[in-house]
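Chemist: What follows is run_35.cif, mmCIF, C-alpha atoms and all ligand atoms.
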```
data_structure
#
loop_
_atom_site.label_atom_id
_atom_site.label_comp_id
_atom_site.auth_asym_id
_atom_site.auth_seq_id
_atom_site.Cartn_x
_atom_site.Cartn_y
_atom_site.Cartn_z
CA MET A 139 135.49 125.44 97.88
CA ILE A 140 132.57 125.12 95.47
CA ARG A 141 133.32 125.39 91.74
CA LEU A 142 130.56 126.05 89.25
CA TYR A 143 130.49 125.96 85.47
CA ASP A 144 129.59 129.51 84.44
CA THR A 145 127.85 129.66 81.06
CA MET A 146 128.99 133.27 80.59
CA ALA A 147 132.70 132.40 81.07
CA ARG A 148 132.34 128.95 79.42
CA LYS A 149 134.41 127.40 82.21
CA LYS A 150 134.33 126.23 85.81
CA ARG A 151 135.04 129.03 88.27
CA PRO A 152 135.53 129.01 92.04
CA PHE A 153 132.27 130.17 93.64
CA GLU A 154 132.99 133.38 95.53
CA PRO A 155 129.76 135.11 96.52
CA ALA A 156 129.76 138.91 96.86
CA ASP A 157 128.49 138.58 100.45
CA PRO A 158 128.86 135.09 101.95
CA LYS A 159 126.29 136.04 104.61
CA ARG A 160 123.64 136.85 101.99
CA ILE A 161 124.14 134.73 98.90
CA THR A 162 121.52 135.41 96.23
CA MET A 163 120.23 132.86 93.74
CA TYR A 164 117.38 133.26 91.25
CA VAL A 165 115.94 130.45 89.14
CA CYS A 166 113.28 131.01 86.49
CA GLY A 167 110.21 129.19 87.77
CA PRO A 168 107.11 127.66 86.24
CA THR A 169 104.51 129.25 83.98
CA VAL A 170 101.46 127.82 85.72
CA TYR A 171 99.01 126.68 83.02
CA GLY A 172 99.49 122.89 83.08
CA ARG A 173 100.99 120.07 85.07
CA ALA A 174 104.82 120.06 85.28
CA HIS A 175 106.54 117.14 83.51
CA ILE A 176 109.65 115.35 84.71
CA GLY A 177 111.80 117.57 82.44
CA ASN A 178 110.39 120.65 84.20
CA ALA A 179 111.24 119.00 87.52
CA ARG A 180 114.94 118.72 86.67
CA PRO A 181 115.90 122.38 87.33
CA ALA A 182 113.80 122.36 90.53
CA VAL A 183 115.73 119.32 91.82
CA VAL A 184 119.14 120.51 90.56
CA PHE A 185 118.90 123.97 92.13
CA ASP A 186 117.39 122.55 95.32
CA THR A 187 120.51 120.37 95.56
CA LEU A 188 122.77 123.36 94.89
CA ALA A 189 120.89 125.29 97.61
CA ARG A 190 121.54 122.43 100.07
CA LEU A 191 125.24 122.46 99.22
CA ILE A 192 125.53 126.25 99.60
CA ARG A 193 123.72 126.14 102.95
CA HIS A 194 125.98 123.33 104.12
CA ASP A 195 129.12 125.29 103.16
CA PHE A 196 128.11 128.83 104.08
CA GLY A 197 125.48 128.30 106.80
CA GLU A 198 121.77 127.57 107.00
CA GLN A 199 120.79 131.26 106.78
CA SER A 200 123.35 132.21 104.12
CA LEU A 201 121.20 131.79 101.00
CA VAL A 202 118.25 133.77 99.66
CA TYR A 203 116.79 131.60 96.93
CA ALA A 204 114.08 133.12 94.74
CA ARG A 205 112.06 131.17 92.19
CA ASN A 206 109.32 133.10 90.45
CA VAL A 207 105.83 132.05 89.44
CA THR A 208 104.78 133.30 86.00
CA ASP A 209 101.05 133.76 86.49
CA VAL A 210 100.29 136.04 83.54
CA ASP A 211 101.11 134.73 80.07
CA ASP A 212 99.39 134.10 76.73
CA LYS A 213 99.29 130.33 77.38
CA ILE A 214 97.50 130.97 80.69
CA ILE A 215 95.02 133.30 78.98
CA ALA A 216 94.37 130.64 76.31
CA ALA A 217 93.88 127.91 78.93
CA ALA A 218 91.45 130.12 80.89
CA GLU A 219 89.46 130.91 77.74
CA ALA A 220 89.31 127.23 76.83
CA GLU A 221 87.80 126.41 80.23
CA GLY A 222 85.69 129.55 80.45
CA VAL A 223 87.23 130.62 83.77
CA GLU A 224 89.31 133.51 85.11
CA PRO A 225 93.09 133.12 84.63
CA ALA A 226 93.48 133.00 88.44
CA VAL A 227 91.53 129.71 88.51
CA ILE A 228 94.10 128.17 86.17
CA THR A 229 97.17 129.68 87.87
CA GLU A 230 96.11 128.81 91.42
CA ARG A 231 95.32 125.22 90.43
CA TYR A 232 98.59 124.59 88.65
CA GLU A 233 100.73 126.41 91.18
CA ARG A 234 99.25 124.16 93.88
CA HIS A 235 100.02 121.10 91.75
CA TYR A 236 103.55 122.37 91.12
CA ILE A 237 104.24 122.79 94.84
CA GLU A 238 102.83 119.32 95.56
CA ASP A 239 104.70 117.63 92.72
CA MET A 240 108.05 119.26 93.52
CA GLY A 241 107.51 118.63 97.23
CA ALA A 242 107.07 114.94 96.51
CA LEU A 243 110.51 115.08 94.86
CA GLY A 244 111.97 116.52 98.06
CA VAL A 245 112.28 120.03 96.67
CA ALA A 246 112.11 122.50 99.55
CA PRO A 247 110.14 125.70 98.93
CA PRO A 248 112.42 128.56 97.80
CA THR A 249 113.02 131.40 100.26
CA ILE A 250 110.80 133.64 98.16
CA ALA A 251 108.40 132.90 95.31
CA PRO A 252 107.45 136.23 93.72
CA HIS A 253 104.36 136.21 91.50
CA ALA A 254 104.32 138.26 88.29
CA THR A 255 100.80 139.59 88.89
CA ALA A 256 101.89 141.01 92.26
CA GLU A 257 104.93 142.80 90.80
CA ILE A 258 103.51 144.86 87.96
CA GLY A 259 104.59 148.15 89.63
CA PRO A 260 108.33 147.31 89.61
CA MET A 261 108.01 146.08 86.00
CA ILE A 262 106.39 149.35 84.86
CA ALA A 263 109.10 151.30 86.72
CA MET A 264 111.85 149.34 84.95
CA ILE A 265 110.21 149.82 81.54
CA GLU A 266 109.87 153.57 82.16
CA ARG A 267 113.53 153.71 83.08
CA LEU A 268 114.57 151.85 79.93
CA ILE A 269 112.50 154.26 77.80
CA GLY A 270 114.09 157.23 79.57
CA LEU A 271 117.57 155.86 78.88
CA GLY A 272 116.84 155.31 75.19
CA ASN A 273 116.94 151.50 75.39
CA ALA A 274 113.22 151.04 74.80
CA TYR A 275 110.46 152.73 72.83
CA GLU A 276 106.69 152.82 72.62
CA ALA A 277 105.07 151.86 69.32
CA ASP A 278 101.48 150.93 68.54
CA SER A 279 100.50 150.43 72.25
CA HIS A 280 103.52 148.15 72.75
CA VAL A 281 106.81 148.91 74.43
CA LEU A 282 109.84 147.23 72.91
CA PHE A 283 113.43 146.85 74.00
CA HIS A 284 115.68 148.12 71.20
CA VAL A 285 118.36 145.45 70.88
CA PRO A 286 120.87 147.54 68.86
CA SER A 287 120.94 150.02 71.79
CA ASP A 288 122.87 147.45 73.83
CA PRO A 289 126.32 146.83 72.30
CA ASP A 290 126.92 143.86 74.63
CA TYR A 291 123.77 142.01 73.61
CA GLY A 292 124.52 138.36 72.83
CA ALA A 293 127.40 137.89 75.30
CA LEU A 294 125.78 134.93 77.09
CA SER A 295 124.64 132.93 74.07
CA ARG A 296 127.54 134.09 71.87
CA ARG A 297 125.37 134.08 68.81
CA ASP A 298 125.95 136.33 65.86
CA ARG A 299 123.20 138.70 64.94
CA ASP A 300 121.66 136.65 62.11
CA ALA A 301 121.44 133.56 64.32
CA MET A 302 119.87 135.63 67.08
CA VAL A 303 117.23 137.09 64.82
CA ALA A 304 116.45 133.64 63.39
CA GLY A 305 116.50 132.01 66.84
CA ALA A 306 114.16 134.54 68.36
CA ARG A 307 111.40 133.39 65.98
CA VAL A 308 110.38 137.00 65.83
CA GLU A 309 106.84 137.84 64.91
CA VAL A 310 106.55 140.02 61.86
CA ALA A 311 105.48 143.27 63.43
CA PRO A 312 105.50 146.53 61.50
CA TYR A 313 106.01 148.58 64.67
CA LYS A 314 109.44 147.06 65.43
CA ARG A 315 112.44 149.24 64.67
CA ASP A 316 114.68 146.18 64.50
CA PRO A 317 113.66 142.54 63.96
CA ALA A 318 115.49 141.47 67.16
CA ASP A 319 113.58 143.95 69.37
CA PHE A 320 111.49 142.23 72.00
CA VAL A 321 108.32 143.09 73.88
CA LEU A 322 108.39 144.68 77.35
CA TRP A 323 104.70 145.59 77.44
CA LYS A 324 101.80 144.68 75.21
CA PRO A 325 98.18 145.82 75.04
CA SER A 326 95.33 143.76 76.52
CA GLY A 327 92.07 143.79 74.59
CA GLU A 328 88.59 143.91 76.09
CA GLY A 329 88.03 141.10 78.60
CA VAL A 330 91.72 140.11 78.71
CA ILE A 331 93.72 140.39 81.95
CA GLY A 332 95.59 143.69 82.10
CA TRP A 333 96.82 146.60 84.20
CA ASP A 334 96.79 150.35 83.63
CA SER A 335 100.12 151.72 82.52
CA PRO A 336 101.54 154.89 80.92
CA TRP A 337 101.13 153.02 77.58
CA GLY A 338 97.52 152.04 78.12
CA ARG A 339 95.95 148.95 79.63
CA GLY A 340 98.12 145.93 79.02
CA ARG A 341 100.40 143.27 80.44
CA PRO A 342 104.14 142.71 80.72
CA GLY A 343 106.32 140.57 78.47
CA TRP A 344 107.85 137.51 80.10
CA HIS A 345 111.50 138.65 80.12
CA VAL A 346 110.94 141.89 82.05
CA GLU A 347 109.19 139.95 84.80
CA CYS A 348 112.40 138.24 85.92
CA SER A 349 114.57 141.37 85.63
CA ALA A 350 112.15 143.47 87.70
CA MET A 351 111.61 140.81 90.36
CA ILE A 352 115.34 140.17 90.74
CA ARG A 353 115.90 143.91 91.25
CA ALA A 354 113.00 144.17 93.72
CA HIS A 355 113.88 141.15 95.87
CA LEU A 356 117.59 140.40 95.48
CA GLY A 357 119.34 143.51 94.11
CA GLU A 358 120.98 144.70 90.90
CA THR A 359 123.63 141.98 90.76
CA ILE A 360 122.94 138.49 92.10
CA ASP A 361 125.38 135.67 92.72
CA ILE A 362 123.75 132.83 90.77
CA HIS A 363 121.14 132.90 88.01
CA GLY A 364 119.88 129.49 87.03
CA GLY A 365 117.54 127.74 84.66
CA GLY A 366 117.33 125.22 81.83
CA LEU A 367 119.66 125.41 78.80
CA ASP A 368 116.72 126.40 76.63
CA LEU A 369 116.46 129.69 78.54
CA ILE A 370 119.94 130.95 77.57
CA PHE A 371 118.52 132.44 74.40
CA PRO A 372 116.46 134.49 74.15
CA HIS A 373 115.15 134.67 77.74
CA HIS A 374 118.35 135.10 79.74
CA GLU A 375 120.00 137.19 77.04
CA ASN A 376 117.01 139.54 77.25
CA GLU A 377 117.02 139.59 81.06
CA ILE A 378 120.70 140.57 80.96
CA ALA A 379 120.11 143.37 78.44
CA GLN A 380 117.20 144.87 80.40
CA SER A 381 118.90 144.71 83.79
CA ARG A 382 122.33 145.87 82.71
CA CYS A 383 120.93 148.81 80.72
CA ALA A 384 118.57 149.80 83.57
CA HIS A 385 121.33 149.55 86.18
CA GLY A 386 124.17 151.57 84.64
CA GLY A 387 126.03 148.52 83.35
CA ALA A 388 125.99 146.46 86.55
CA PRO A 389 126.01 142.77 85.57
CA LEU A 390 122.80 140.84 86.36
CA ALA A 391 124.52 137.73 87.70
CA ARG A 392 128.03 136.71 88.68
CA TYR A 393 127.49 133.04 87.75
CA TRP A 394 125.14 131.62 85.11
CA VAL A 395 124.22 128.00 85.74
CA HIS A 396 122.17 125.98 83.24
CA ASN A 397 120.86 122.43 83.39
CA GLY A 398 120.45 120.07 80.42
CA PHE A 399 117.23 118.55 79.11
CA VAL A 400 115.44 115.35 79.96
CA ASP A 401 115.02 113.22 76.82
CA MET A 402 112.36 110.67 76.01
CA GLY A 403 113.99 108.27 73.57
CA ALA A 404 115.85 110.44 71.06
CA GLU A 405 113.82 113.62 71.61
CA LYS A 406 113.72 116.33 74.24
CA MET A 407 110.71 115.90 76.54
CA SER A 408 108.42 118.81 75.80
CA LYS A 409 104.80 119.70 75.91
CA SER A 410 104.77 120.77 72.27
CA LEU A 411 106.12 117.35 71.17
CA GLY A 412 103.50 115.63 73.32
CA ASN A 413 106.05 113.15 74.74
CA ILE A 414 105.82 114.14 78.38
CA ILE A 415 105.50 112.15 81.55
CA THR A 416 104.66 113.92 84.78
CA PRO A 417 105.80 113.28 88.35
CA ALA A 418 102.10 112.92 89.19
CA GLU A 419 101.75 110.03 86.69
CA LEU A 420 104.94 108.39 87.94
CA LEU A 421 103.80 108.66 91.57
CA ALA A 422 100.43 107.21 90.61
CA GLN A 423 102.29 104.26 89.02
CA GLY A 424 103.75 103.57 92.46
CA HIS A 425 107.14 105.25 92.12
CA ARG A 426 108.32 107.08 95.22
CA GLY A 427 109.22 110.77 95.08
CA GLU A 428 112.74 110.05 96.29
CA THR A 429 113.21 107.49 93.53
CA LEU A 430 112.36 110.12 90.93
CA ARG A 431 114.71 112.60 92.63
CA LEU A 432 117.61 110.16 92.62
CA ALA A 433 116.94 109.26 88.96
CA LEU A 434 117.07 112.99 88.10
CA LEU A 435 120.38 113.33 89.97
CA SER A 436 121.91 110.23 88.39
CA ALA A 437 123.30 112.21 85.44
CA HIS A 438 125.44 115.33 85.73
CA TYR A 439 123.11 118.33 85.57
CA ARG A 440 124.71 119.76 82.42
CA GLN A 441 124.36 116.48 80.51
CA PRO A 442 121.17 115.27 78.85
CA LEU A 443 119.26 112.74 80.93
CA SER A 444 117.31 109.95 79.25
CA TRP A 445 114.15 109.12 81.13
CA THR A 446 113.56 105.37 81.09
CA GLU A 447 111.86 102.82 83.29
CA THR A 448 115.31 101.27 83.83
CA ALA A 449 116.67 104.56 85.23
CA ALA A 450 113.82 104.69 87.75
CA ALA A 451 114.25 101.00 88.66
CA GLN A 452 117.99 101.48 89.22
CA ALA A 453 117.29 104.49 91.42
CA LYS A 454 114.89 102.43 93.51
CA THR A 455 117.49 99.65 93.93
CA MET A 456 120.10 102.21 95.02
CA LEU A 457 117.73 103.75 97.56
CA ASP A 458 116.85 100.35 99.01
CA ARG A 459 120.58 99.71 99.52
CA LEU A 460 121.12 103.15 101.06
CA TYR A 461 118.17 102.78 103.44
CA ARG A 462 119.51 99.38 104.52
CA ALA A 463 122.97 100.89 105.05
CA ALA A 464 121.61 103.84 107.06
CA GLY A 465 119.23 101.79 109.18
CA ASP A 466 117.84 103.91 112.00
CA ALA A 467 121.05 105.84 112.59
CA ASP A 468 120.95 109.51 113.49
CA PRO A 469 122.73 111.73 110.97
CA GLY A 470 126.48 111.81 111.64
CA ARG A 471 129.34 113.48 109.83
CA VAL A 472 129.03 114.29 106.14
CA ASP A 473 131.49 112.27 104.06
CA ASP A 474 134.30 114.29 102.44
CA GLY A 475 134.06 112.30 99.22
CA VAL A 476 130.41 113.26 98.78
CA ILE A 477 131.08 116.93 99.62
CA ASN A 478 134.05 117.12 97.26
CA ALA A 479 132.08 115.57 94.41
CA LEU A 480 129.21 118.02 94.88
CA ALA A 481 131.57 120.96 95.28
CA ASP A 482 133.07 120.12 91.87
CA ASP A 483 130.28 121.65 89.77
CA LEU A 484 127.60 119.55 91.47
CA ASN A 485 128.93 116.21 90.25
CA THR A 486 125.98 114.17 91.51
CA PRO A 487 126.85 110.90 89.70
CA LEU A 488 130.23 110.84 91.48
CA ALA A 489 128.59 111.90 94.78
CA LEU A 490 126.17 108.96 94.47
CA THR A 491 129.05 106.54 93.78
CA ARG A 492 130.84 107.81 96.91
CA LEU A 493 127.63 107.61 98.91
CA MET A 494 127.13 103.95 97.98
CA ALA A 495 130.63 103.18 99.29
CA ILE A 496 130.17 104.67 102.80
CA GLU A 497 129.98 102.10 105.60
CA ASP A 498 129.14 104.20 108.67
CA PRO A 499 125.31 104.41 108.93
CA GLY A 500 125.32 107.95 110.41
CA ALA A 501 127.58 109.19 107.62
CA VAL A 502 125.31 107.58 105.00
CA LYS A 503 122.31 109.38 106.45
CA ALA A 504 124.02 112.79 106.77
CA SER A 505 125.67 112.62 103.34
CA ALA A 506 122.45 111.53 101.62
CA ALA A 507 120.62 114.49 103.19
CA LEU A 508 122.91 116.81 101.24
CA LEU A 509 121.40 115.31 98.07
CA GLY A 510 117.90 115.52 99.56
CA LEU A 511 117.81 111.71 99.93
CA LEU A 512 117.02 109.35 102.83
CA GLN A 513 114.44 111.79 104.17
CA HIS A 514 112.30 108.93 105.51
CA HIS A 515 112.72 106.49 108.34
CA SER A 516 114.10 103.24 106.94
CA GLU A 517 111.13 101.43 108.36
CA SER A 518 108.59 103.59 106.55
CA TRP A 519 110.61 103.40 103.32
CA PHE A 520 110.31 99.63 103.22
CA GLN A 521 106.66 99.74 104.26
CA GLY A 522 105.87 102.42 101.67
CA GLY A 523 102.99 101.59 99.42
CA ALA A 524 101.37 103.35 96.50
CA ASP A 525 99.98 106.07 98.76
CA THR A 526 103.45 107.27 99.72
CA GLY A 527 103.51 109.88 96.96
CA ASP A 528 100.29 111.30 98.36
CA VAL A 529 101.74 111.55 101.88
CA GLU A 530 104.80 113.31 100.49
CA ALA A 531 102.65 115.69 98.47
CA ARG A 532 100.67 116.59 101.61
CA ILE A 533 103.92 117.15 103.56
CA ALA A 534 105.07 119.47 100.77
CA LYS A 535 101.78 121.36 100.95
CA ARG A 536 102.30 121.77 104.70
CA ALA A 537 105.86 123.06 104.19
CA GLU A 538 104.54 125.58 101.71
CA ALA A 539 101.80 126.68 104.16
CA LYS A 540 104.45 127.12 106.87
CA ALA A 541 106.62 129.11 104.48
CA ARG A 542 103.80 131.62 103.98
CA ARG A 543 103.12 131.53 107.75
CA ASP A 544 99.69 129.93 107.37
CA PHE A 545 100.11 127.88 110.53
CA ALA A 546 96.40 127.01 110.74
CA GLU A 547 96.59 125.24 107.37
CA ALA A 548 99.93 123.59 108.31
CA ASP A 549 98.48 122.26 111.57
CA GLY A 550 95.38 121.08 109.75
CA ILE A 551 97.49 119.01 107.36
CA ARG A 552 99.47 117.53 110.26
CA GLU A 553 96.18 116.51 111.93
CA GLU A 554 94.80 115.00 108.71
CA LEU A 555 97.97 112.94 108.31
CA ALA A 556 97.83 111.88 111.98
CA ALA A 557 94.27 110.68 111.38
CA ASP A 558 95.68 108.54 108.55
CA GLY A 559 98.29 107.10 110.91
CA ILE A 560 101.18 109.23 109.62
CA ILE A 561 103.48 110.79 112.23
CA LEU A 562 105.56 113.81 111.18
CA GLU A 563 108.88 114.81 112.69
CA ASP A 564 110.32 118.24 111.87
CA GLY A 565 114.11 118.53 111.85
CA PRO A 566 116.74 120.91 110.48
CA GLU A 567 116.89 118.95 107.19
CA GLY A 568 113.13 119.04 106.69
CA THR A 569 110.24 116.83 107.70
CA THR A 570 110.45 113.05 107.99
CA TRP A 571 107.52 110.75 108.53
CA ARG A 572 106.62 107.30 109.69
CA ARG A 573 103.56 105.20 110.13
CA SER A 574 102.26 105.00 113.68
ZN ZN B 601 113.67 134.31 83.93
#
```
Starting from the coordinates I provided, produce the structure as C-alpha cells.
Ligand SMILES: [Zn+2]
Modeler:
Amino acid sequence: MIRLYDTMARKKRPFEPADPKRITMYVCGPTVYGRAHIGNARPAVVFDTLARLIRHDFGEQSLVYARNVTDVDDKIIAAAEAEGVEPAVITERYERHYIEDMGALGVAPPTIAPHATAEIGPMIAMIERLIGLGNAYEADSHVLFHVPSDPDYGALSRRDRDAMVAGARVEVAPYKRDPADFVLWKPSGEGVIGWDSPWGRGRPGWHVECSAMIRAHLGETIDIHGGGLDLIFPHHENEIAQSRCAHGGAPLARYWVHNGFVDMGAEKMSKSLGNIITPAELLAQGHRGETLRLALLSAHYRQPLSWTETAAAQAKTMLDRLYRAAGDADPGRVDDGVINALADDLNTPLALTRLMAIEDPGAVKASAALLGLLQHHSESWFQGGADTGDVEARIAKRAEAKARRDFAEADGIREELAADGIILEDGPEGTTWRRS
C-alpha cells in the first residue's frame, strides 16, 4: 500500500486511486525558454520515480502520466525578441534540450506531453464557461478570474486573504475588480504571438493552460497533481479555482504532491538569483546521468536538497558499489525493504540504504530499477568516459522519438550509436547500452 503526503490534507494518506486500471497523474512541466537547471530536474526525477513505483504496484499499463510543455509565455516572447527569431525557434530548441537532459537523468518520457500552443481551443472553452458561470469577467481586452467568486479559494495554501494578495505580487491594473483576480486571457499586440478569441486576438494566462489540458486529457478529477513547492501558491491555487468552478465543484486532484527545492549554499537555486548549475554542465564535467539522479534522490523529496560536489561524489561511490554488487545478473525479485521504503511517501534515502544492504545480485538489479538506477551493464558503467552523458542523451532522444511514433528517427539514432560502437538493448525497464 502506497502512502503519500497530501499537501491539501497536510498529512500522509493511503493512496487509493479512483480507478486502479487508469491512474491519472499530472505534473506541471517546463516553460521552454532556457536550459533546465538541476533544481528544475528534481520534480522530473521525483515524479518519474513515483511513476515507476505506481507501475510496479498497479501494473505497467495502469498509469497515465501527463507533463505539459508551456510553449507560450512572456519569457519565451522576450527570449525570441532578444534573438530576433520566432518563439517556436526558442521553444523547439529548449524542449529538445529538456528531453535530452532529463533523459540523461533516466527520466522516461511521460505518457502524454500536451503543448499549450496546441490546446488553445480547450482553454478558450474553459474561459467562456467561467464567464458564463460568473467566475470570470472581461475587462480592457483581458479576461480575469474573479477570486471572491470562489468561497473555497486558498484551501491548498491556507493563506489568509492579505497574504494571498501580497504573495501574488499582483500588477497594479485598473481593470481588476479585486486585487487578487488573475489573468485567464490577455491581449497580444501587433507582431506578438496570439490567437483569435471572443475577446480579441490574444494569448492565455499560464494557470488556465494546466486546468484546460488536465480536463482535455485526463478528466475533471485526477488522482495525483504534482510539482515543486513554489507552485502551491499562486499557480496550483489558481488551477484548483478554475477547474472546480468550471466543473460544478468537482475537486481537481485527489492527492497534491509537492517536492522541495534544490539549494546552492544557503539559497534556493533559481534563474533569477543566477546561482544555477545545469545537468548539461554537470555531464560536460564528466558526471554520469545516473550519478546526478541518485544525488537528487539522496534526500527525501519534500526536504530541501543542497547541491554540492560532495553529494555528487558520494552518489558516484554508491553507484560503483551497486554496480559491483549487481555484476551481470539478470533482474530478480524486488526487495521488500526497498518497496516498503518507497511506498512510505517515496522515502528514497531509506530505500537507498536498504538497497546498499542487499546481497543477492539479481535483487540489487531489480530493486535499483525501481529507482531508475543500474540501467547500464556493469561493464559499460566502469568503462564509461566523459562521452557517456552524450550517449544517454541520444538514447533519451530515441525514446522520445519512439513515444511520438517517429520510428524512422528512432532507428536513425540507433544506427548512429551503432556506428559509434554503442549497442542498445530494449527491455521492459527501458533501454540499456554497452560498448561493442
Ligand atoms: Zn500547472
Chemist: Would you pick out the contacts of stretch 560-572 of chain A at 10 Å or less, using all atoms listed in the file, so that residues sharing its chain but fewer than 6 positions from it are not included, and give the list as JSON, numbers by chain?
Modeler: {"A": [190, 198, 244, 246, 504, 507, 508, 510, 512, 513, 514, 515, 516, 517, 518, 519, 521, 522, 529, 530, 533, 534, 536, 537, 552, 553, 554]}
Chemist: Listing only residues of stretch 373-428 of chain A within 8 Å of stretch 337-345 of chain A, what is the closest atom pair and its distance in Å (to one decimal) for each, using all atoms listed in the file, sorted by chain and residue number ascending, as CSV?
Modeler:
```
residue,atom,partner,partner_atom,distance
A:His373,CA,A:His345,CA,5.9
A:His374,CA,A:His345,CA,7.7
A:Asn376,CA,A:His345,CA,6.3
A:Glu377,CA,A:His345,CA,5.7
```
Chemist: Contacts of A:Asp209 at 9 Å or less, counting only C-alpha atoms, minus same-chain residues fewer than 4 places along, as a short mmCIF file (atom, residue, chain, number, x, y, z; two decimals) with C-alpha atoms, keeping the file's coordinate frame?
Modeler:
```
data_model
loop_
_atom_site.label_atom_id
_atom_site.label_comp_id
_atom_site.auth_asym_id
_atom_site.auth_seq_id
_atom_site.Cartn_x
_atom_site.Cartn_y
_atom_site.Cartn_z
CA PRO A 168 107.11 127.66 86.24
CA THR A 169 104.51 129.25 83.98
CA VAL A 170 101.46 127.82 85.72
CA TYR A 171 99.01 126.68 83.02
CA ILE A 214 97.50 130.97 80.69
CA PRO A 225 93.09 133.12 84.63
CA ALA A 226 93.48 133.00 88.44
CA ILE A 228 94.10 128.17 86.17
CA THR A 229 97.17 129.68 87.87
CA GLU A 230 96.11 128.81 91.42
CA GLU A 233 100.73 126.41 91.18
CA HIS A 253 104.36 136.21 91.50
CA ALA A 254 104.32 138.26 88.29
CA THR A 255 100.80 139.59 88.89
#
```
Chemist: Determine the axis-aligned bounding box of all atoms of stretch 254-273 of chain A present in the file, pad each side by 3 Å, and express its centre and edge lengths in Å to one decimal place as lines of an AutoDock Vina configuration file.
Modeler:
```
center_x = 109.2
center_y = 147.7
center_z = 83.7
size_x = 22.8
size_y = 25.0
size_z = 23.1
```
Chemist: Counting only C-alpha atoms and all ligand atoms, what are the residues of chain A within 10 Å of ligand ZN 601 (chain B), and for each of them which pair of atoms is the nearest and at what distance in Å, to one decimal? Sort the table by chain and rising number, as CSV.
Modeler:
```
residue,atom,partner,partner_atom,distance
A:Tyr164,CA,B:ZN601,ZN,8.3
A:Val165,CA,B:ZN601,ZN,6.9
A:Cys166,CA,B:ZN601,ZN,4.2
A:Gly167,CA,B:ZN601,ZN,7.3
A:Pro168,CA,B:ZN601,ZN,9.6
A:Arg205,CA,B:ZN601,ZN,9.0
A:Asn206,CA,B:ZN601,ZN,7.9
A:Val207,CA,B:ZN601,ZN,9.8
A:Thr208,CA,B:ZN601,ZN,9.2
A:Trp344,CA,B:ZN601,ZN,7.7
A:His345,CA,B:ZN601,ZN,6.2
A:Val346,CA,B:ZN601,ZN,8.3
A:Glu347,CA,B:ZN601,ZN,7.3
A:Cys348,CA,B:ZN601,ZN,4.6
A:Ser349,CA,B:ZN601,ZN,7.3
A:Met351,CA,B:ZN601,ZN,9.4
A:Ile352,CA,B:ZN601,ZN,9.1
A:His363,CA,B:ZN601,ZN,8.6
A:Gly364,CA,B:ZN601,ZN,8.5
A:Gly365,CA,B:ZN601,ZN,7.7
A:Leu369,CA,B:ZN601,ZN,7.6
A:Ile370,CA,B:ZN601,ZN,9.5
A:His373,CA,B:ZN601,ZN,6.4
A:His374,CA,B:ZN601,ZN,6.3
A:Glu375,CA,B:ZN601,ZN,9.8
A:Asn376,CA,B:ZN601,ZN,9.1
A:Glu377,CA,B:ZN601,ZN,6.9
A:Ile378,CA,B:ZN601,ZN,9.9
```
Chemist: In Å, rounded to a single decimal, give me how far atom CA of A:Tyr232 is from atom CA of A:Ala557.
Modeler: 27.0 Å
Chemist: Which residue gives the smallest distance to A:Gly177 among A:Ala546, A:Ala293, A:Met240, A:Leu457, with all atoms listed in the file counted?
Modeler: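 The closest residue to A:Gly177 is A:Met240.
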Chemist: Rounded to one decimal place, report the atom CA of A:Pro248-atom CA of A:Ala541 distance in Å.
Modeler: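 One can read the atom CA of A:Pro248 to atom CA of A:Ala541 distance as 8.9 Å.
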Chemist: Considering only C-alpha atoms, state which residue in the set A:Gly327, A:Met456, A:His396, A:Arg492 is at the smallest distance from A:Arg148.
Modeler: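 Ranking A:Gly327, A:Met456, A:His396, A:Arg492 by distance to A:Arg148, first place goes to A:His396.
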Chemist: Distance atom CA of A:Ser295-atom CA of A:Glu276, one decimal place?
Modeler: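 So the answer is 26.8 Å.
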Chemist: Could you check which of A:Ile551, A:Ile140, A:Val502, A:Val395 is closest to A:Phe196, using only C-alpha atoms?
Modeler: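 Checking each candidate against A:Phe196, we get A:Ile140 as the closest.
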Chemist: For a quick check of understanding, using only C-alpha atoms, which of A:Leu460, A:Ile331, A:Leu511, A:Ala556 has the smallest distance to A:Thr187?
Modeler: A:Leu511
Chemist: Here is a test: counting only C-alpha atoms, which residue of A:Ala277, A:Asn485, A:Leu390, A:Glu405 is nearest to A:Pro325?
Modeler: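 Using only C-alpha atoms, the shortest distance to A:Pro325 belongs to A:Ala277.
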